[in-house]
Amino acid sequence: MMKRFILVIIMMISTFGIFSFTSNTTDAKRTSYASYYHDKFNGRKTASGEVFDNSKFTAANRTLPFGTNIKVTNLDNGKSVIVRVNDRGPYHSSRALDMSKAAFDEIGNTNHGTIPVEYEIVD
């Protein structure tokens, strides 16, 4: 009887631990690198079906749902921008975001191919 009780307690603790971990992951800030789209992608369809426009504040991410708004902060200068995920990518392991040129230029310098960023989901 005591073994069964201990097993139930362990299962409850495990369940609460998993619940607390998964509920906080949506609010978590993540750090990585971001790059920007080349002009040759203007007018092409994105993975979401939208036509890409380098003058809009959009981004690509491998896992976030389409339509998710994220705040991206340049870790070098503290500047931030809010972008909407409308594409998949980047397909390079060192980067988490491909941003439109307008969004990238808002927080960084397009003379540099990548910038270190922190990003988080916003409502």
# chains A, B, ... in the order shown; residues from 1 in each chain; ligands from 1

call {"tool": "residues_around", "arguments": {"residues": "Gly78 (chain A)", "least_positions_apart": "6", "cutoff": "10 Å", "atoms": "only C-alpha atoms", "output": "PyMOL selection string"}}
result
chain A and resi 72+107-108+117-118

call {"tool": "select_by_dssp", "arguments": {"residues": "chain A", "states": "helix (DSSP H, G or I)", "output": "ChimeraX atom specification"}}
result
/A:2-27,39-41,101-107

call {"tool": "write_last_selection", "arguments": {"atoms": "N, CA and C atoms", "output": "CSV table (one decimal), in the first residue's frame"}}
result
chain,number,residue,atom,x,y,z
A,2,MET,N,1.9,1.2,0.8
A,2,MET,CA,2.8,2.4,0.9
A,2,MET,C,3.5,2.6,-0.4
A,3,LYS,N,3.9,1.6,-1.1
A,3,LYS,CA,4.6,1.7,-2.4
A,3,LYS,C,3.7,2.4,-3.4
A,4,ARG,N,2.4,2.0,-3.4
A,4,ARG,CA,1.4,2.6,-4.3
A,4,ARG,C,1.3,4.1,-4.1
A,5,PHE,N,1.2,4.4,-2.8
A,5,PHE,CA,1.0,5.8,-2.4
A,5,PHE,C,2.2,6.6,-2.9
A,6,ILE,N,3.4,6.1,-2.6
A,6,ILE,CA,4.6,6.8,-3.1
A,6,ILE,C,4.7,7.0,-4.6
A,7,LEU,N,4.3,5.9,-5.3
A,7,LEU,CA,4.2,6.0,-6.7
A,7,LEU,C,3.3,7.1,-7.2
A,8,VAL,N,2.1,7.2,-6.6
A,8,VAL,CA,1.1,8.2,-7.0
A,8,VAL,C,1.7,9.6,-6.7
A,9,ILE,N,2.4,9.8,-5.6
A,9,ILE,CA,3.0,11.1,-5.2
A,9,ILE,C,4.0,11.4,-6.3
A,10,ILE,N,4.9,10.5,-6.7
A,10,ILE,CA,5.9,10.7,-7.7
A,10,ILE,C,5.3,11.1,-9.0
A,11,MET,N,4.2,10.4,-9.4
A,11,MET,CA,3.5,10.7,-10.7
A,11,MET,C,2.9,12.1,-10.6
A,12,MET,N,2.4,12.5,-9.5
A,12,MET,CA,1.8,13.9,-9.4
A,12,MET,C,2.8,14.9,-9.5
A,13,ILE,N,3.9,14.7,-8.8
A,13,ILE,CA,5.0,15.7,-8.9
A,13,ILE,C,5.6,15.8,-10.3
A,14,SER,N,5.7,14.7,-11.0
A,14,SER,CA,6.2,14.7,-12.3
A,14,SER,C,5.2,15.5,-13.2
A,15,THR,N,3.9,15.2,-13.1
A,15,THR,CA,2.9,15.9,-13.9
A,15,THR,C,3.0,17.4,-13.7
A,16,PHE,N,3.0,17.8,-12.4
A,16,PHE,CA,3.1,19.3,-12.1
A,16,PHE,C,4.4,19.9,-12.7
A,17,GLY,N,5.5,19.2,-12.6
A,17,GLY,CA,6.7,19.7,-13.2
A,17,GLY,C,6.6,19.9,-14.7
A,18,ILE,N,6.1,18.9,-15.4
A,18,ILE,CA,5.9,19.0,-16.8
A,18,ILE,C,5.0,20.1,-17.2
A,19,PHE,N,3.9,20.3,-16.4
A,19,PHE,CA,2.9,21.3,-16.7
A,19,PHE,C,3.5,22.7,-16.5
A,20,SER,N,4.3,22.9,-15.4
A,20,SER,CA,4.9,24.2,-15.2
A,20,SER,C,5.9,24.5,-16.3
A,21,PHE,N,6.6,23.5,-16.8
A,21,PHE,CA,7.7,23.7,-17.8
A,21,PHE,C,7.0,24.1,-19.1
A,22,THR,N,6.0,23.4,-19.5
A,22,THR,CA,5.3,23.7,-20.8
A,22,THR,C,4.5,25.0,-20.8
A,23,SER,N,4.0,25.4,-19.6
A,23,SER,CA,3.2,26.6,-19.6
A,23,SER,C,4.1,27.9,-19.7
A,24,ASN,N,5.3,27.8,-19.3
A,24,ASN,CA,6.2,29.0,-19.3
A,24,ASN,C,7.0,29.1,-20.6
A,25,THR,N,7.0,28.1,-21.5
A,25,THR,CA,7.8,28.1,-22.7
A,25,THR,C,7.3,29.2,-23.7
A,26,THR,N,6.0,29.5,-23.7
A,26,THR,CA,5.5,30.4,-24.6
A,26,THR,C,5.9,31.8,-24.2
A,27,ASP,N,6.2,32.1,-22.9
A,27,ASP,CA,6.6,33.4,-22.5
A,27,ASP,C,8.1,33.6,-22.5
A,39,ASP,N,16.7,40.8,-51.8
A,39,ASP,CA,15.6,41.4,-52.7
A,39,ASP,C,15.0,40.5,-53.7
A,40,LYS,N,15.8,39.4,-54.1
A,40,LYS,CA,15.3,38.5,-55.1
A,40,LYS,C,14.0,37.8,-54.7
A,41,PHE,N,13.7,37.8,-53.4
A,41,PHE,CA,12.5,37.1,-52.9
A,41,PHE,C,11.3,37.9,-52.9
A,101,LYS,N,13.9,42.9,-45.0
A,101,LYS,CA,14.9,43.9,-45.0
A,101,LYS,C,14.5,45.2,-44.2
A,102,ALA,N,13.2,45.6,-44.3
A,102,ALA,CA,12.7,46.7,-43.6
A,102,ALA,C,12.8,46.5,-42.1
A,103,ALA,N,12.4,45.3,-41.6
A,103,ALA,CA,12.5,45.0,-40.2
A,103,ALA,C,13.9,44.9,-39.7
A,104,PHE,N,14.8,44.3,-40.5
A,104,PHE,CA,16.2,44.2,-40.1
A,104,PHE,C,16.9,45.5,-40.0
A,105,ASP,N,16.6,46.4,-41.0
A,105,ASP,CA,17.1,47.7,-41.1
A,105,ASP,C,16.7,48.6,-39.9
A,106,GLU,N,15.5,48.3,-39.4
A,106,GLU,CA,15.0,49.1,-38.3
A,106,GLU,C,15.8,48.9,-37.0
A,107,ILE,N,16.4,47.7,-36.8
A,107,ILE,CA,17.1,47.4,-35.6
A,107,ILE,C,18.6,47.2,-35.8

call {"tool": "atom_distance", "arguments": {"atom1": "CA of Val122 (chain A)", "atom2": "CA of His38 (chain A)"}}
result
26.2 Å

call {"tool": "atom_distance", "arguments": {"atom1": "CA of Ser100 (chain A)", "atom2": "CA of Thr68 (chain A)"}}
result
15.1 Å

call {"tool": "residues_around", "arguments": {"residues": "Pro65 (chain A)", "least_positions_apart": "2", "cutoff": "12 Å", "atoms": "only C-alpha atoms", "output": "list in words"}}
result
Thr26, Ala47, Ser48, Ala59, Ala60, Asn61, Arg62, Thr63, Gly67, Thr68, Asn69, Ile70, Arg84, Val85, Asn86, Asp87, Arg88 and Ile121 of chain A

call {"tool": "write_last_selection", "arguments": {"atoms": "C-alpha atoms", "output": "compact mmCIF listing (two decimals), in the first residue's frame"}}
result
# COMPACT_ATOMS: atom_id res chain seq x y z
CA THR A 26 5.47 30.43 -24.61
CA ALA A 47 5.22 29.14 -46.94
CA SER A 48 2.02 30.69 -45.55
CA ALA A 59 9.92 37.12 -40.52
CA ALA A 60 10.52 33.43 -41.05
CA ASN A 61 10.90 30.92 -38.23
CA ARG A 62 11.07 27.13 -38.35
CA THR A 63 8.54 26.38 -35.60
CA GLY A 67 0.62 34.96 -37.77
CA THR A 68 2.58 34.95 -34.50
CA ASN A 69 3.83 38.42 -33.57
CA ILE A 70 7.28 38.46 -32.04
CA ARG A 84 4.79 38.76 -37.87
CA VAL A 85 5.82 35.21 -38.79
CA ASN A 86 4.65 34.39 -42.33
CA ASP A 87 7.32 32.01 -43.63
CA ARG A 88 9.46 29.00 -42.71
CA ILE A 121 6.13 36.18 -28.51

call {"tool": "atom_distance", "arguments": {"atom1": "CA of Leu97 (chain A)", "atom2": "CA of Ser35 (chain A)"}}
result
6.5 Å

call {"tool": "select_by_dssp", "arguments": {"residues": "chain A", "states": "strand (DSSP E)", "output": "MDAnalysis selection string"}}
result
chainID A and resid 30:36 58:60 69:74 80:87 97:99 114:122

call {"tool": "closest_residue", "arguments": {"among": "A:Phe66, A:Tyr119, A:Val83, A:Ala28", "to": "Asn54 (chain A)", "atoms": "only C-alpha atoms"}}
result
A:Val83

call {"tool": "closest_residue", "arguments": {"among": "A:Lys29, A:Met1, A:Tyr36, A:Thr73", "to": "Thr110 (chain A)", "atoms": "only C-alpha atoms"}}
result
A:Tyr36

call {"tool": "decode", "arguments": {"residues": "region 81-115 of chain A", "atoms": "N, CA, C and O atoms", "output": "PDB file, in the first residue's frame"}}
result
ATOM      1  N   VAL A  81      11.903  45.660 -32.662  1.00  0.00           N
ATOM      2  CA  VAL A  81      10.884  45.751 -33.700  1.00  0.00           C
ATOM      3  C   VAL A  81       9.928  44.571 -33.505  1.00  0.00           C
ATOM      4  O   VAL A  81      10.329  43.524 -32.994  1.00  0.00           O
ATOM      5  N   ILE A  82       8.673  44.766 -33.884  1.00  0.00           N
ATOM      6  CA  ILE A  82       7.710  43.672 -33.831  1.00  0.00           C
ATOM      7  C   ILE A  82       7.448  43.205 -35.258  1.00  0.00           C
ATOM      8  O   ILE A  82       7.150  44.009 -36.139  1.00  0.00           O
ATOM      9  N   VAL A  83       7.595  41.900 -35.464  1.00  0.00           N
ATOM     10  CA  VAL A  83       7.399  41.295 -36.781  1.00  0.00           C
ATOM     11  C   VAL A  83       6.365  40.173 -36.673  1.00  0.00           C
ATOM     12  O   VAL A  83       6.120  39.644 -35.592  1.00  0.00           O
ATOM     13  N   ARG A  84       5.781  39.833 -37.801  1.00  0.00           N
ATOM     14  CA  ARG A  84       4.794  38.755 -37.874  1.00  0.00           C
ATOM     15  C   ARG A  84       5.396  37.600 -38.659  1.00  0.00           C
ATOM     16  O   ARG A  84       5.939  37.782 -39.748  1.00  0.00           O
ATOM     17  N   VAL A  85       5.289  36.396 -38.126  1.00  0.00           N
ATOM     18  CA  VAL A  85       5.822  35.206 -38.794  1.00  0.00           C
ATOM     19  C   VAL A  85       4.895  34.827 -39.949  1.00  0.00           C
ATOM     20  O   VAL A  85       3.700  34.630 -39.752  1.00  0.00           O
ATOM     21  N   ASN A  86       5.453  34.779 -41.165  1.00  0.00           N
ATOM     22  CA  ASN A  86       4.655  34.394 -42.334  1.00  0.00           C
ATOM     23  C   ASN A  86       5.394  33.427 -43.257  1.00  0.00           C
ATOM     24  O   ASN A  86       4.949  33.155 -44.358  1.00  0.00           O
ATOM     25  N   ASP A  87       6.538  32.909 -42.786  1.00  0.00           N
ATOM     26  CA  ASP A  87       7.321  32.012 -43.631  1.00  0.00           C
ATOM     27  C   ASP A  87       8.097  31.027 -42.767  1.00  0.00           C
ATOM     28  O   ASP A  87       8.202  31.208 -41.551  1.00  0.00           O
ATOM     29  N   ARG A  88       8.631  29.988 -43.384  1.00  0.00           N
ATOM     30  CA  ARG A  88       9.458  29.000 -42.709  1.00  0.00           C
ATOM     31  C   ARG A  88      10.918  29.245 -43.055  1.00  0.00           C
ATOM     32  O   ARG A  88      11.252  29.684 -44.147  1.00  0.00           O
ATOM     33  N   GLY A  89      11.764  28.935 -42.127  1.00  0.00           N
ATOM     34  CA  GLY A  89      13.185  29.141 -42.280  1.00  0.00           C
ATOM     35  C   GLY A  89      13.697  29.840 -41.045  1.00  0.00           C
ATOM     36  O   GLY A  89      12.937  30.035 -40.107  1.00  0.00           O
ATOM     37  N   PRO A  90      14.909  30.241 -40.985  1.00  0.00           N
ATOM     38  CA  PRO A  90      15.984  29.959 -41.918  1.00  0.00           C
ATOM     39  C   PRO A  90      16.448  28.514 -41.778  1.00  0.00           C
ATOM     40  O   PRO A  90      16.235  27.887 -40.753  1.00  0.00           O
ATOM     41  N   TYR A  91      17.053  28.029 -42.806  1.00  0.00           N
ATOM     42  CA  TYR A  91      17.512  26.647 -42.798  1.00  0.00           C
ATOM     43  C   TYR A  91      19.004  26.570 -42.541  1.00  0.00           C
ATOM     44  O   TYR A  91      19.730  25.809 -43.163  1.00  0.00           O
ATOM     45  N   HIS A  92      19.443  27.369 -41.600  1.00  0.00           N
ATOM     46  CA  HIS A  92      20.830  27.357 -41.134  1.00  0.00           C
ATOM     47  C   HIS A  92      20.776  27.216 -39.622  1.00  0.00           C
ATOM     48  O   HIS A  92      20.040  27.939 -38.959  1.00  0.00           O
ATOM     49  N   SER A  93      21.524  26.304 -39.069  1.00  0.00           N
ATOM     50  CA  SER A  93      21.403  25.976 -37.652  1.00  0.00           C
ATOM     51  C   SER A  93      21.791  27.106 -36.708  1.00  0.00           C
ATOM     52  O   SER A  93      21.366  27.121 -35.559  1.00  0.00           O
ATOM     53  N   SER A  94      22.559  28.086 -37.177  1.00  0.00           N
ATOM     54  CA  SER A  94      23.002  29.159 -36.279  1.00  0.00           C
ATOM     55  C   SER A  94      22.022  30.325 -36.200  1.00  0.00           C
ATOM     56  O   SER A  94      22.223  31.234 -35.402  1.00  0.00           O
ATOM     57  N   ARG A  95      20.973  30.322 -37.017  1.00  0.00           N
ATOM     58  CA  ARG A  95      20.011  31.426 -37.023  1.00  0.00           C
ATOM     59  C   ARG A  95      18.605  30.914 -36.717  1.00  0.00           C
ATOM     60  O   ARG A  95      18.223  29.840 -37.156  1.00  0.00           O
ATOM     61  N   ALA A  96      17.827  31.751 -36.014  1.00  0.00           N
ATOM     62  CA  ALA A  96      16.443  31.396 -35.697  1.00  0.00           C
ATOM     63  C   ALA A  96      15.457  32.199 -36.528  1.00  0.00           C
ATOM     64  O   ALA A  96      14.305  31.805 -36.655  1.00  0.00           O
ATOM     65  N   LEU A  97      15.894  33.335 -37.076  1.00  0.00           N
ATOM     66  CA  LEU A  97      14.981  34.223 -37.808  1.00  0.00           C
ATOM     67  C   LEU A  97      15.593  34.710 -39.108  1.00  0.00           C
ATOM     68  O   LEU A  97      16.778  35.039 -39.151  1.00  0.00           O
ATOM     69  N   ASP A  98      14.767  34.761 -40.142  1.00  0.00           N
ATOM     70  CA  ASP A  98      15.055  35.529 -41.352  1.00  0.00           C
ATOM     71  C   ASP A  98      14.033  36.654 -41.345  1.00  0.00           C
ATOM     72  O   ASP A  98      12.832  36.393 -41.335  1.00  0.00           O
ATOM     73  N   MET A  99      14.504  37.878 -41.341  1.00  0.00           N
ATOM     74  CA  MET A  99      13.607  39.026 -41.265  1.00  0.00           C
ATOM     75  C   MET A  99      13.549  39.739 -42.607  1.00  0.00           C
ATOM     76  O   MET A  99      14.479  39.661 -43.408  1.00  0.00           O
ATOM     77  N   SER A 100      12.449  40.447 -42.829  1.00  0.00           N
ATOM     78  CA  SER A 100      12.380  41.287 -44.020  1.00  0.00           C
ATOM     79  C   SER A 100      13.450  42.370 -43.891  1.00  0.00           C
ATOM     80  O   SER A 100      13.896  42.706 -42.787  1.00  0.00           O
ATOM     81  N   LYS A 101      13.856  42.908 -45.014  1.00  0.00           N
ATOM     82  CA  LYS A 101      14.916  43.923 -45.002  1.00  0.00           C
ATOM     83  C   LYS A 101      14.491  45.152 -44.197  1.00  0.00           C
ATOM     84  O   LYS A 101      15.285  45.726 -43.456  1.00  0.00           O
ATOM     85  N   ALA A 102      13.224  45.558 -44.301  1.00  0.00           N
ATOM     86  CA  ALA A 102      12.735  46.725 -43.563  1.00  0.00           C
ATOM     87  C   ALA A 102      12.830  46.504 -42.055  1.00  0.00           C
ATOM     88  O   ALA A 102      13.260  47.392 -41.311  1.00  0.00           O
ATOM     89  N   ALA A 103      12.435  45.330 -41.585  1.00  0.00           N
ATOM     90  CA  ALA A 103      12.489  45.028 -40.157  1.00  0.00           C
ATOM     91  C   ALA A 103      13.936  44.939 -39.671  1.00  0.00           C
ATOM     92  O   ALA A 103      14.280  45.461 -38.612  1.00  0.00           O
ATOM     93  N   PHE A 104      14.786  44.287 -40.453  1.00  0.00           N
ATOM     94  CA  PHE A 104      16.197  44.158 -40.099  1.00  0.00           C
ATOM     95  C   PHE A 104      16.856  45.528 -40.029  1.00  0.00           C
ATOM     96  O   PHE A 104      17.595  45.827 -39.099  1.00  0.00           O
ATOM     97  N   ASP A 105      16.565  46.381 -41.022  1.00  0.00           N
ATOM     98  CA  ASP A 105      17.147  47.725 -41.079  1.00  0.00           C
ATOM     99  C   ASP A 105      16.677  48.595 -39.913  1.00  0.00           C
ATOM    100  O   ASP A 105      17.386  49.495 -39.487  1.00  0.00           O
ATOM    101  N   GLU A 106      15.498  48.318 -39.394  1.00  0.00           N
ATOM    102  CA  GLU A 106      14.954  49.077 -38.268  1.00  0.00           C
ATOM    103  C   GLU A 106      15.799  48.892 -37.001  1.00  0.00           C
ATOM    104  O   GLU A 106      15.934  49.807 -36.203  1.00  0.00           O
ATOM    105  N   ILE A 107      16.366  47.713 -36.823  1.00  0.00           N
ATOM    106  CA  ILE A 107      17.122  47.445 -35.597  1.00  0.00           C
ATOM    107  C   ILE A 107      18.613  47.199 -35.827  1.00  0.00           C
ATOM    108  O   ILE A 107      19.380  47.128 -34.870  1.00  0.00           O
ATOM    109  N   GLY A 108      19.016  47.056 -37.082  1.00  0.00           N
ATOM    110  CA  GLY A 108      20.420  46.759 -37.373  1.00  0.00           C
ATOM    111  C   GLY A 108      20.870  47.427 -38.646  1.00  0.00           C
ATOM    112  O   GLY A 108      20.202  48.293 -39.192  1.00  0.00           O
ATOM    113  N   ASN A 109      22.002  46.991 -39.138  1.00  0.00           N
ATOM    114  CA  ASN A 109      22.609  47.549 -40.328  1.00  0.00           C
ATOM    115  C   ASN A 109      22.661  46.449 -41.392  1.00  0.00           C
ATOM    116  O   ASN A 109      23.248  45.400 -41.166  1.00  0.00           O
ATOM    117  N   THR A 110      22.056  46.707 -42.544  1.00  0.00           N
ATOM    118  CA  THR A 110      22.021  45.696 -43.593  1.00  0.00           C
ATOM    119  C   THR A 110      23.395  45.452 -44.222  1.00  0.00           C
ATOM    120  O   THR A 110      23.533  44.554 -45.049  1.00  0.00           O
ATOM    121  N   ASN A 111      24.403  46.227 -43.833  1.00  0.00           N
ATOM    122  CA  ASN A 111      25.768  45.937 -44.284  1.00  0.00           C
ATOM    123  C   ASN A 111      26.327  44.704 -43.584  1.00  0.00           C
ATOM    124  O   ASN A 111      27.313  44.126 -44.032  1.00  0.00           O
ATOM    125  N   HIS A 112      25.705  44.335 -42.462  1.00  0.00           N
ATOM    126  CA  HIS A 112      26.076  43.113 -41.748  1.00  0.00           C
ATOM    127  C   HIS A 112      25.029  42.063 -42.067  1.00  0.00           C
ATOM    128  O   HIS A 112      23.829  42.328 -42.040  1.00  0.00           O
ATOM    129  N   GLY A 113      25.438  40.860 -42.345  1.00  0.00           N
ATOM    130  CA  GLY A 113      24.509  39.809 -42.747  1.00  0.00           C
ATOM    131  C   GLY A 113      23.659  39.254 -41.625  1.00  0.00           C
ATOM    132  O   GLY A 113      22.528  38.846 -41.835  1.00  0.00           O
ATOM    133  N   THR A 114      24.211  39.243 -40.410  1.00  0.00           N
ATOM    134  CA  THR A 114      23.469  38.725 -39.267  1.00  0.00           C
ATOM    135  C   THR A 114      23.684  39.624 -38.061  1.00  0.00           C
ATOM    136  O   THR A 114      24.678  40.363 -37.991  1.00  0.00           O
ATOM    137  N   ILE A 115      22.739  39.538 -37.116  1.00  0.00           N
ATOM    138  CA  ILE A 115      22.867  40.260 -35.847  1.00  0.00           C
ATOM    139  C   ILE A 115      22.421  39.336 -34.724  1.00  0.00           C
ATOM    140  O   ILE A 115      21.537  38.505 -34.909  1.00  0.00           O
TER     141      ILE A 115
END
